[in-house]
$ cat final02.cif   # mmCIF, C-alpha atoms
data_target
loop_
_atom_site.group_PDB
_atom_site.id
_atom_site.type_symbol
_atom_site.label_atom_id
_atom_site.label_comp_id
_atom_site.auth_asym_id
_atom_site.auth_seq_id
_atom_site.Cartn_x
_atom_site.Cartn_y
_atom_site.Cartn_z
ATOM 1 C CA MET A 12 -32.457 9.605 10.671
ATOM 2 C CA LYS A 13 -28.687 9.305 10.189
ATOM 3 C CA ALA A 14 -26.603 6.264 11.143
ATOM 4 C CA GLU A 15 -24.956 6.657 14.540
ATOM 5 C CA ILE A 16 -22.320 4.763 16.509
ATOM 6 C CA LEU A 17 -23.778 4.080 19.948
ATOM 7 C CA ASP A 18 -20.773 2.319 21.488
ATOM 8 C CA VAL A 19 -17.398 0.802 20.593
ATOM 9 C CA ARG A 20 -15.703 -1.760 22.801
ATOM 10 C CA PHE A 21 -12.166 -2.705 21.895
ATOM 11 C CA ILE A 22 -11.333 -6.370 22.372
ATOM 12 C CA HIS A 23 -7.654 -6.089 21.455
ATOM 13 C CA GLU A 24 -5.179 -3.215 21.431
ATOM 14 C CA GLY A 25 -1.724 -3.811 19.964
ATOM 15 C CA TRP A 26 -0.237 -2.775 16.619
ATOM 16 C CA SER A 27 -3.892 -2.660 15.562
ATOM 17 C CA ARG A 28 -6.993 -2.162 17.640
ATOM 18 C CA PHE A 29 -9.910 -4.495 17.065
ATOM 19 C CA GLY A 30 -13.335 -3.453 18.232
ATOM 20 C CA ILE A 31 -17.042 -4.135 18.056
ATOM 21 C CA ALA A 32 -19.231 -1.128 17.283
ATOM 22 C CA THR A 33 -22.896 -0.971 18.173
ATOM 23 C CA VAL A 34 -24.531 1.070 15.406
ATOM 24 C CA ARG A 35 -28.013 2.447 14.944
ATOM 25 C CA LEU A 36 -28.670 2.359 11.201
ATOM 26 C CA ALA A 37 -30.641 5.024 9.343
ATOM 27 C CA ASP A 38 -33.712 2.753 9.407
ATOM 28 C CA GLY A 39 -33.513 2.491 13.214
ATOM 29 C CA ALA A 40 -32.131 -1.062 13.375
ATOM 30 C CA VAL A 41 -29.330 -1.599 15.914
ATOM 31 C CA VAL A 42 -26.498 -3.875 14.741
ATOM 32 C CA GLU A 43 -22.923 -4.782 15.648
ATOM 33 C CA ARG A 44 -20.018 -4.305 13.243
ATOM 34 C CA GLU A 45 -16.296 -5.067 13.564
ATOM 35 C CA ILE A 46 -13.642 -2.351 13.282
ATOM 36 C CA GLU A 47 -9.893 -2.749 12.749
ATOM 37 C CA ASP A 48 -7.944 0.448 13.405
ATOM 38 C CA HIS A 49 -4.203 0.907 12.857
ATOM 39 C CA GLY A 50 -4.032 4.330 11.265
ATOM 40 C CA ASN A 51 -3.627 5.527 7.706
ATOM 41 C CA SER A 52 -1.013 4.388 5.239
ATOM 42 C CA VAL A 53 0.793 5.334 2.063
ATOM 43 C CA GLY A 54 1.762 3.315 -1.020
ATOM 44 C CA VAL A 55 4.161 4.439 -3.745
ATOM 45 C CA LEU A 56 4.993 2.893 -7.118
ATOM 46 C CA PRO A 57 8.529 4.051 -8.009
ATOM 47 C CA TYR A 58 9.217 3.770 -11.745
ATOM 48 C CA ASP A 59 12.128 4.635 -13.981
ATOM 49 C CA PRO A 60 10.693 6.210 -17.163
ATOM 50 C CA GLU A 61 13.983 5.872 -19.079
ATOM 51 C CA ARG A 62 14.531 2.180 -18.445
ATOM 52 C CA ARG A 63 10.775 1.459 -18.226
ATOM 53 C CA VAL A 64 10.980 -0.502 -14.990
ATOM 54 C CA ALA A 65 9.308 -0.273 -11.587
ATOM 55 C CA THR A 66 10.805 -1.148 -8.222
ATOM 56 C CA LEU A 67 8.643 -3.291 -5.969
ATOM 57 C CA VAL A 68 9.069 -5.544 -2.968
ATOM 58 C CA ARG A 69 8.305 -9.152 -2.176
ATOM 59 C CA GLU A 70 7.537 -9.846 1.439
ATOM 60 C CA LEU A 71 5.558 -12.136 3.676
ATOM 61 C CA ARG A 72 2.077 -10.973 4.612
ATOM 62 C CA VAL A 73 0.564 -13.202 7.274
ATOM 63 C CA PRO A 74 -3.129 -12.773 6.283
ATOM 64 C CA PRO A 75 -2.536 -14.131 2.721
ATOM 65 C CA LEU A 76 -0.370 -16.883 4.249
ATOM 66 C CA PHE A 77 -3.271 -17.780 6.532
ATOM 67 C CA ALA A 78 -5.963 -17.451 3.836
ATOM 68 C CA SER A 79 -4.280 -19.272 0.971
ATOM 69 C CA GLY A 80 -0.745 -20.275 1.873
ATOM 70 C CA GLU A 81 0.884 -17.447 -0.133
ATOM 71 C CA GLN A 82 4.487 -17.147 1.039
ATOM 72 C CA VAL A 83 5.098 -13.649 -0.366
ATOM 73 C CA GLN A 84 3.226 -10.799 -1.999
ATOM 74 C CA LEU A 85 4.537 -8.621 -4.825
ATOM 75 C CA GLU A 86 3.801 -5.073 -3.700
ATOM 76 C CA ALA A 87 4.539 -1.427 -4.196
ATOM 77 C CA PRO A 88 6.494 -0.072 -1.212
ATOM 78 C CA ALA A 89 4.105 1.031 1.534
ATOM 79 C CA GLY A 90 3.759 1.725 5.213
ATOM 80 C CA LEU A 91 1.906 3.488 7.968
ATOM 81 C CA ILE A 92 1.714 7.248 8.104
ATOM 82 C CA GLU A 93 3.504 8.317 11.258
ATOM 83 C CA ASP A 94 4.669 11.896 11.807
ATOM 84 C CA GLY A 95 4.438 14.226 8.831
ATOM 85 C CA SER A 96 2.529 14.272 5.587
ATOM 86 C CA PRO A 97 1.637 11.264 3.443
ATOM 87 C CA GLU A 98 4.281 12.414 0.942
ATOM 88 C CA GLU A 99 7.021 12.549 3.595
ATOM 89 C CA ASN A 100 6.048 9.108 4.860
ATOM 90 C CA GLY A 101 5.945 7.731 1.313
ATOM 91 C CA ARG A 102 9.458 8.969 0.620
ATOM 92 C CA ARG A 103 10.679 7.464 3.917
ATOM 93 C CA GLU A 104 9.073 4.070 3.214
ATOM 94 C CA VAL A 105 10.545 3.893 -0.298
ATOM 95 C CA LEU A 106 13.999 4.783 1.045
ATOM 96 C CA GLU A 107 13.760 2.157 3.811
ATOM 97 C CA GLU A 108 12.280 -0.590 1.659
ATOM 98 C CA VAL A 109 13.991 -0.195 -1.729
ATOM 99 C CA GLY A 110 16.757 2.371 -1.144
ATOM 100 C CA LEU A 111 15.506 5.040 -3.560
ATOM 101 C CA ARG A 112 15.513 8.742 -2.741
ATOM 102 C CA LEU A 113 12.391 10.132 -4.400
ATOM 103 C CA HIS A 114 11.759 13.717 -5.410
ATOM 104 C CA ASP A 115 8.463 14.110 -7.282
ATOM 105 C CA LEU A 116 5.339 12.250 -6.191
ATOM 106 C CA GLU A 117 2.248 12.170 -8.388
ATOM 107 C CA PHE A 118 -0.911 11.814 -6.287
ATOM 108 C CA VAL A 119 -3.267 9.072 -7.475
ATOM 109 C CA GLY A 120 -5.852 9.203 -4.688
ATOM 110 C CA ALA A 121 -6.718 8.391 -1.083
ATOM 111 C CA THR A 122 -9.097 5.519 -0.550
ATOM 112 C CA TYR A 123 -10.254 3.218 2.216
ATOM 113 C CA SER A 124 -8.396 -0.055 1.770
ATOM 114 C CA CYS A 125 -11.360 -2.148 2.973
ATOM 115 C CA ALA A 126 -14.182 0.118 4.168
ATOM 116 C CA SER A 127 -16.245 -2.791 5.491
ATOM 117 C CA LEU A 128 -13.617 -3.545 8.147
ATOM 118 C CA THR A 129 -10.754 -1.084 8.566
ATOM 119 C CA THR A 130 -10.427 2.633 9.263
ATOM 120 C CA GLU A 131 -7.253 2.752 7.135
ATOM 121 C CA LYS A 132 -7.203 5.377 4.393
ATOM 122 C CA LEU A 133 -4.479 4.555 1.878
ATOM 123 C CA HIS A 134 -2.741 7.469 0.100
ATOM 124 C CA LEU A 135 -1.399 6.376 -3.295
ATOM 125 C CA TYR A 136 1.397 7.921 -5.373
ATOM 126 C CA LEU A 137 3.393 7.324 -8.532
ATOM 127 C CA ALA A 138 7.028 8.404 -8.372
ATOM 128 C CA PRO A 139 9.558 8.654 -11.208
ATOM 129 C CA TYR A 140 13.189 7.953 -10.391
ATOM 130 C CA GLY A 141 16.491 7.488 -12.191
ATOM 131 C CA ARG A 142 19.682 5.516 -11.569
ATOM 132 C CA ALA A 143 21.171 8.430 -9.623
ATOM 133 C CA ASP A 144 18.350 8.170 -7.056
ATOM 134 C CA ARG A 145 19.696 4.888 -5.628
ATOM 135 C CA ALA A 146 20.797 6.072 -2.163
ATOM 136 C CA GLU A 147 20.741 3.032 0.109
ATOM 137 C CA GLN A 148 20.535 -0.746 0.011
ATOM 138 C CA GLY A 149 16.880 -0.957 1.114
ATOM 139 C CA GLY A 150 15.397 -4.127 2.546
ATOM 140 C CA GLY A 151 13.290 -2.568 5.304
ATOM 141 C CA ALA A 152 13.757 -0.738 8.570
ATOM 142 C CA GLU A 153 16.146 -2.179 11.134
ATOM 143 C CA GLY A 154 14.366 -4.367 13.677
ATOM 144 C CA GLU A 155 11.027 -4.625 11.840
ATOM 145 C CA HIS A 156 11.665 -8.188 10.546
ATOM 146 C CA GLU A 157 10.202 -7.354 7.137
ATOM 147 C CA ASN A 158 12.599 -9.605 5.182
ATOM 148 C CA ILE A 159 11.983 -7.557 2.051
ATOM 149 C CA ARG A 160 13.304 -8.683 -1.307
ATOM 150 C CA ILE A 161 13.633 -5.829 -3.814
ATOM 151 C CA VAL A 162 12.310 -6.547 -7.312
ATOM 152 C CA GLU A 163 12.987 -4.324 -10.306
ATOM 153 C CA MET A 164 10.529 -5.359 -12.999
ATOM 154 C CA PRO A 165 9.912 -4.185 -16.560
ATOM 155 C CA LEU A 166 6.692 -2.197 -16.813
ATOM 156 C CA ALA A 167 5.559 -4.432 -19.687
ATOM 157 C CA GLU A 168 5.788 -7.479 -17.387
ATOM 158 C CA LEU A 169 3.961 -5.634 -14.630
ATOM 159 C CA ALA A 170 1.186 -4.809 -17.117
ATOM 160 C CA ARG A 171 0.983 -8.486 -18.130
ATOM 161 C CA LEU A 172 0.615 -9.480 -14.475
ATOM 162 C CA ALA A 173 -2.219 -6.966 -14.126
ATOM 163 C CA ASP A 174 -3.882 -8.202 -17.329
ATOM 164 C CA ARG A 175 -3.684 -11.834 -16.151
ATOM 165 C CA ALA A 176 -5.142 -10.896 -12.722
ATOM 166 C CA GLU A 177 -1.905 -12.024 -11.050
ATOM 167 C CA LEU A 178 -1.350 -8.919 -8.908
ATOM 168 C CA THR A 179 -3.046 -9.869 -5.657
ATOM 169 C CA ASP A 180 -2.243 -6.680 -3.739
ATOM 170 C CA LEU A 181 -4.945 -4.067 -4.369
ATOM 171 C CA LYS A 182 -2.755 -0.976 -3.885
ATOM 172 C CA THR A 183 -0.208 -2.344 -6.354
ATOM 173 C CA LEU A 184 -2.855 -3.200 -8.943
ATOM 174 C CA THR A 185 -4.372 0.281 -8.544
ATOM 175 C CA LEU A 186 -0.988 1.958 -8.955
ATOM 176 C CA VAL A 187 -0.041 -0.101 -12.013
ATOM 177 C CA LEU A 188 -3.376 0.703 -13.677
ATOM 178 C CA ALA A 189 -2.990 4.391 -12.791
ATOM 179 C CA LEU A 190 0.531 4.492 -14.239
ATOM 180 C CA ARG A 191 -0.722 2.842 -17.422
ATOM 181 C CA ALA A 192 -3.652 5.270 -17.735
ATOM 182 C CA ARG A 193 -1.569 8.381 -17.053
ATOM 183 C CA HIS A 194 1.628 7.413 -18.890
ATOM 184 C CA PRO A 195 0.685 4.867 -21.598
ATOM 185 C CA GLU A 196 3.847 5.685 -23.566
ATOM 186 C CA LEU A 197 5.868 3.831 -20.908
ATOM 187 C CA PHE A 198 4.088 0.609 -21.847
ATOM 188 C CA ALA A 199 4.257 0.960 -25.658
ATOM 189 C CA ALA A 200 6.244 -1.721 -27.448
#
$ encode --input "final02.cif" --output "structure tokens"
Amino acid sequence: MKAEILDVRFIHEGWSRFGIATVRLADGAVVEREIEDHGNSVGVLPYDPERRVATLVRELRVPPLFASGEQVQLEAPAGLIEDGSPEENGRREVLEEVGLRLHDLEFVGATYSCASLTTEKLHLYLAPYGRADRAEQGGGAEGEHENIRIVEMPLAELARLADRAELTDLKTLTLVLALRARHPELFAA
């Protein structure tokens, strides 16, 4: 027997939908499981291979504020996939958040961000840029109250943060490790 969703009742519908699914498991047991659904997203780590820096953002994320009092997270630019491809949405998010116009995106993977709770599949990319790619000020989309602070950080420092387990955002940690694995010369002393 295969697992089967028997029913889903949504208890909240806003930016995200929160629901309770009644599921018959493969062994025949019937259980309830929570679902959070807000669509898929994209995360991009823009990096300048000449200067050996990456451009990230610091912004408030309410769940970490609630869980541990963290005022801001250091993150790769990211956002929801709206109209268009993940690549188009990634370029738009990076332009809005950090003001860079990206050309080439290197696909890292698409993964569920937290498969035990959310339907979100996160599409991850690395993206080289140069000084000439600075097109706008950045800081986030008008009216979204993101209060983004742009951070340009040396790749060596980003690697140290990863090594010391100080990157608390999973997409950012994944992207930093992928950049290091695929382009180790950018991290050489």
$ resolve_selection --input "final02.cif" --expression "the PyMOL selection byres ((chain A and resi 105) around 12)" --output "PyMOL selection string"
chain A and resi 53-58+66-68+86-91+98-104+106-114+116+136-140+144-152+159+161
$ resolve_selection --input "final02.cif" --expression "the PyMOL selection byres ((chain A and resi 167-176) around 12)" --output "VMD selection string"
chain A and resid 56 58 62 to 67 85 to 87 162 to 166 177 to 192 195 to 200
$ atom_distance --input "final02.cif" --atom1 "CA of Arg35 in chain A" --atom2 "CA of Leu128 in chain A"
17.0 Å
$ atom_distance --input "final02.cif" --atom1 "CA of Ala32 in chain A" --atom2 "CA of Ile16 in chain A"
6.7 Å
$ closest_residue --input "final02.cif" --among "A:Asp48, A:His194, A:Ser79, A:Gly95" --to "Cys125 in chain A" --atoms "all atoms listed in the file"
A:Asp48
$ atom_distance --input "final02.cif" --atom1 "CA of Asn51 in chain A" --atom2 "CA of Val73 in chain A"
19.2 Å
$ closest_residue --input "final02.cif" --among "A:Glu117, A:Thr122, A:Glu93, A:Glu47" --to "His23 in chain A" --atoms "all atoms listed in the file"
A:Glu47
$ resolve_selection --input "final02.cif" --expression "the PyMOL selection byres ((chain A and resi 130) around 7)" --output "list of chain:residue names"
A:Glu47, A:Asp48, A:Gly50, A:Ala126, A:Thr129, A:Glu131, A:Lys132
$ closest_residue --input "final02.cif" --among "A:Glu81, A:Ser52, A:Met12, A:Val19" --to "Tyr123 in chain A" --atoms "only C-alpha atoms"
A:Ser52
$ build_atoms --input "final02.cif" --residues "range 91-119 of chain A" --atoms "N, CA and C atoms" --output "PDB file, keeping the file's coordinate frame"
ATOM      1  N   LEU A  91       2.789   2.627   7.191  1.00  0.00           N
ATOM      2  CA  LEU A  91       1.906   3.488   7.968  1.00  0.00           C
ATOM      3  C   LEU A  91       2.371   4.932   7.924  1.00  0.00           C
ATOM      4  N   ILE A  92       1.408   5.835   7.984  1.00  0.00           N
ATOM      5  CA  ILE A  92       1.714   7.248   8.104  1.00  0.00           C
ATOM      6  C   ILE A  92       1.949   7.528   9.580  1.00  0.00           C
ATOM      7  N   GLU A  93       3.147   7.988   9.877  1.00  0.00           N
ATOM      8  CA  GLU A  93       3.504   8.317  11.258  1.00  0.00           C
ATOM      9  C   GLU A  93       3.510   9.831  11.361  1.00  0.00           C
ATOM     10  N   ASP A  94       4.596  10.438  11.754  1.00  0.00           N
ATOM     11  CA  ASP A  94       4.669  11.896  11.807  1.00  0.00           C
ATOM     12  C   ASP A  94       4.868  12.446  10.400  1.00  0.00           C
ATOM     13  N   GLY A  95       4.243  13.581  10.126  1.00  0.00           N
ATOM     14  CA  GLY A  95       4.438  14.226   8.831  1.00  0.00           C
ATOM     15  C   GLY A  95       3.331  13.913   7.855  1.00  0.00           C
ATOM     16  N   SER A  96       3.526  14.399   6.645  1.00  0.00           N
ATOM     17  CA  SER A  96       2.529  14.272   5.587  1.00  0.00           C
ATOM     18  C   SER A  96       2.600  12.888   4.938  1.00  0.00           C
ATOM     19  N   PRO A  97       1.561  12.517   4.196  1.00  0.00           N
ATOM     20  CA  PRO A  97       1.637  11.264   3.443  1.00  0.00           C
ATOM     21  C   PRO A  97       2.840  11.227   2.494  1.00  0.00           C
ATOM     22  N   GLU A  98       3.150  12.367   1.871  1.00  0.00           N
ATOM     23  CA  GLU A  98       4.281  12.414   0.942  1.00  0.00           C
ATOM     24  C   GLU A  98       5.599  12.145   1.667  1.00  0.00           C
ATOM     25  N   GLU A  99       5.794  12.772   2.823  1.00  0.00           N
ATOM     26  CA  GLU A  99       7.021  12.549   3.595  1.00  0.00           C
ATOM     27  C   GLU A  99       7.140  11.090   4.015  1.00  0.00           C
ATOM     28  N   ASN A 100       6.041  10.505   4.446  1.00  0.00           N
ATOM     29  CA  ASN A 100       6.048   9.108   4.860  1.00  0.00           C
ATOM     30  C   ASN A 100       6.272   8.184   3.676  1.00  0.00           C
ATOM     31  N   GLY A 101       5.720   8.527   2.515  1.00  0.00           N
ATOM     32  CA  GLY A 101       5.945   7.731   1.313  1.00  0.00           C
ATOM     33  C   GLY A 101       7.411   7.729   0.905  1.00  0.00           C
ATOM     34  N   ARG A 102       8.024   8.887   0.942  1.00  0.00           N
ATOM     35  CA  ARG A 102       9.458   8.969   0.620  1.00  0.00           C
ATOM     36  C   ARG A 102      10.292   8.144   1.607  1.00  0.00           C
ATOM     37  N   ARG A 103       9.951   8.227   2.897  1.00  0.00           N
ATOM     38  CA  ARG A 103      10.679   7.464   3.917  1.00  0.00           C
ATOM     39  C   ARG A 103      10.524   5.960   3.693  1.00  0.00           C
ATOM     40  N   GLU A 104       9.311   5.505   3.429  1.00  0.00           N
ATOM     41  CA  GLU A 104       9.073   4.070   3.214  1.00  0.00           C
ATOM     42  C   GLU A 104       9.847   3.555   2.004  1.00  0.00           C
ATOM     43  N   VAL A 105       9.836   4.324   0.918  1.00  0.00           N
ATOM     44  CA  VAL A 105      10.545   3.893  -0.298  1.00  0.00           C
ATOM     45  C   VAL A 105      12.047   3.833  -0.024  1.00  0.00           C
ATOM     46  N   LEU A 106      12.579   4.802   0.705  1.00  0.00           N
ATOM     47  CA  LEU A 106      13.999   4.783   1.045  1.00  0.00           C
ATOM     48  C   LEU A 106      14.326   3.564   1.909  1.00  0.00           C
ATOM     49  N   GLU A 107      13.520   3.305   2.929  1.00  0.00           N
ATOM     50  CA  GLU A 107      13.760   2.157   3.811  1.00  0.00           C
ATOM     51  C   GLU A 107      13.632   0.828   3.075  1.00  0.00           C
ATOM     52  N   GLU A 108      12.584   0.702   2.258  1.00  0.00           N
ATOM     53  CA  GLU A 108      12.280  -0.590   1.659  1.00  0.00           C
ATOM     54  C   GLU A 108      13.095  -0.900   0.412  1.00  0.00           C
ATOM     55  N   VAL A 109      13.297   0.103  -0.463  1.00  0.00           N
ATOM     56  CA  VAL A 109      13.991  -0.195  -1.729  1.00  0.00           C
ATOM     57  C   VAL A 109      15.213   0.679  -1.977  1.00  0.00           C
ATOM     58  N   GLY A 110      15.524   1.601  -1.042  1.00  0.00           N
ATOM     59  CA  GLY A 110      16.757   2.371  -1.144  1.00  0.00           C
ATOM     60  C   GLY A 110      16.750   3.497  -2.149  1.00  0.00           C
ATOM     61  N   LEU A 111      15.585   3.948  -2.592  1.00  0.00           N
ATOM     62  CA  LEU A 111      15.506   5.040  -3.560  1.00  0.00           C
ATOM     63  C   LEU A 111      15.136   6.347  -2.865  1.00  0.00           C
ATOM     64  N   ARG A 112      15.838   7.415  -3.245  1.00  0.00           N
ATOM     65  CA  ARG A 112      15.513   8.742  -2.741  1.00  0.00           C
ATOM     66  C   ARG A 112      14.632   9.404  -3.802  1.00  0.00           C
ATOM     67  N   LEU A 113      13.360   9.586  -3.446  1.00  0.00           N
ATOM     68  CA  LEU A 113      12.391  10.132  -4.400  1.00  0.00           C
ATOM     69  C   LEU A 113      12.282  11.647  -4.277  1.00  0.00           C
ATOM     70  N   HIS A 114      11.932  12.274  -5.384  1.00  0.00           N
ATOM     71  CA  HIS A 114      11.759  13.717  -5.410  1.00  0.00           C
ATOM     72  C   HIS A 114      10.288  14.039  -5.684  1.00  0.00           C
ATOM     73  N   ASP A 115       9.834  13.784  -6.887  1.00  0.00           N
ATOM     74  CA  ASP A 115       8.463  14.110  -7.282  1.00  0.00           C
ATOM     75  C   ASP A 115       7.532  12.934  -7.001  1.00  0.00           C
ATOM     76  N   LEU A 116       6.394  13.242  -6.401  1.00  0.00           N
ATOM     77  CA  LEU A 116       5.339  12.250  -6.191  1.00  0.00           C
ATOM     78  C   LEU A 116       4.092  12.736  -6.913  1.00  0.00           C
ATOM     79  N   GLU A 117       3.472  11.847  -7.660  1.00  0.00           N
ATOM     80  CA  GLU A 117       2.248  12.170  -8.388  1.00  0.00           C
ATOM     81  C   GLU A 117       1.086  11.507  -7.652  1.00  0.00           C
ATOM     82  N   PHE A 118       0.202  12.316  -7.083  1.00  0.00           N
ATOM     83  CA  PHE A 118      -0.911  11.814  -6.287  1.00  0.00           C
ATOM     84  C   PHE A 118      -1.914  11.077  -7.168  1.00  0.00           C
ATOM     85  N   VAL A 119      -2.263   9.869  -6.766  1.00  0.00           N
ATOM     86  CA  VAL A 119      -3.267   9.072  -7.475  1.00  0.00           C
ATOM     87  C   VAL A 119      -4.610   9.192  -6.771  1.00  0.00           C
TER      88      VAL A 119
END
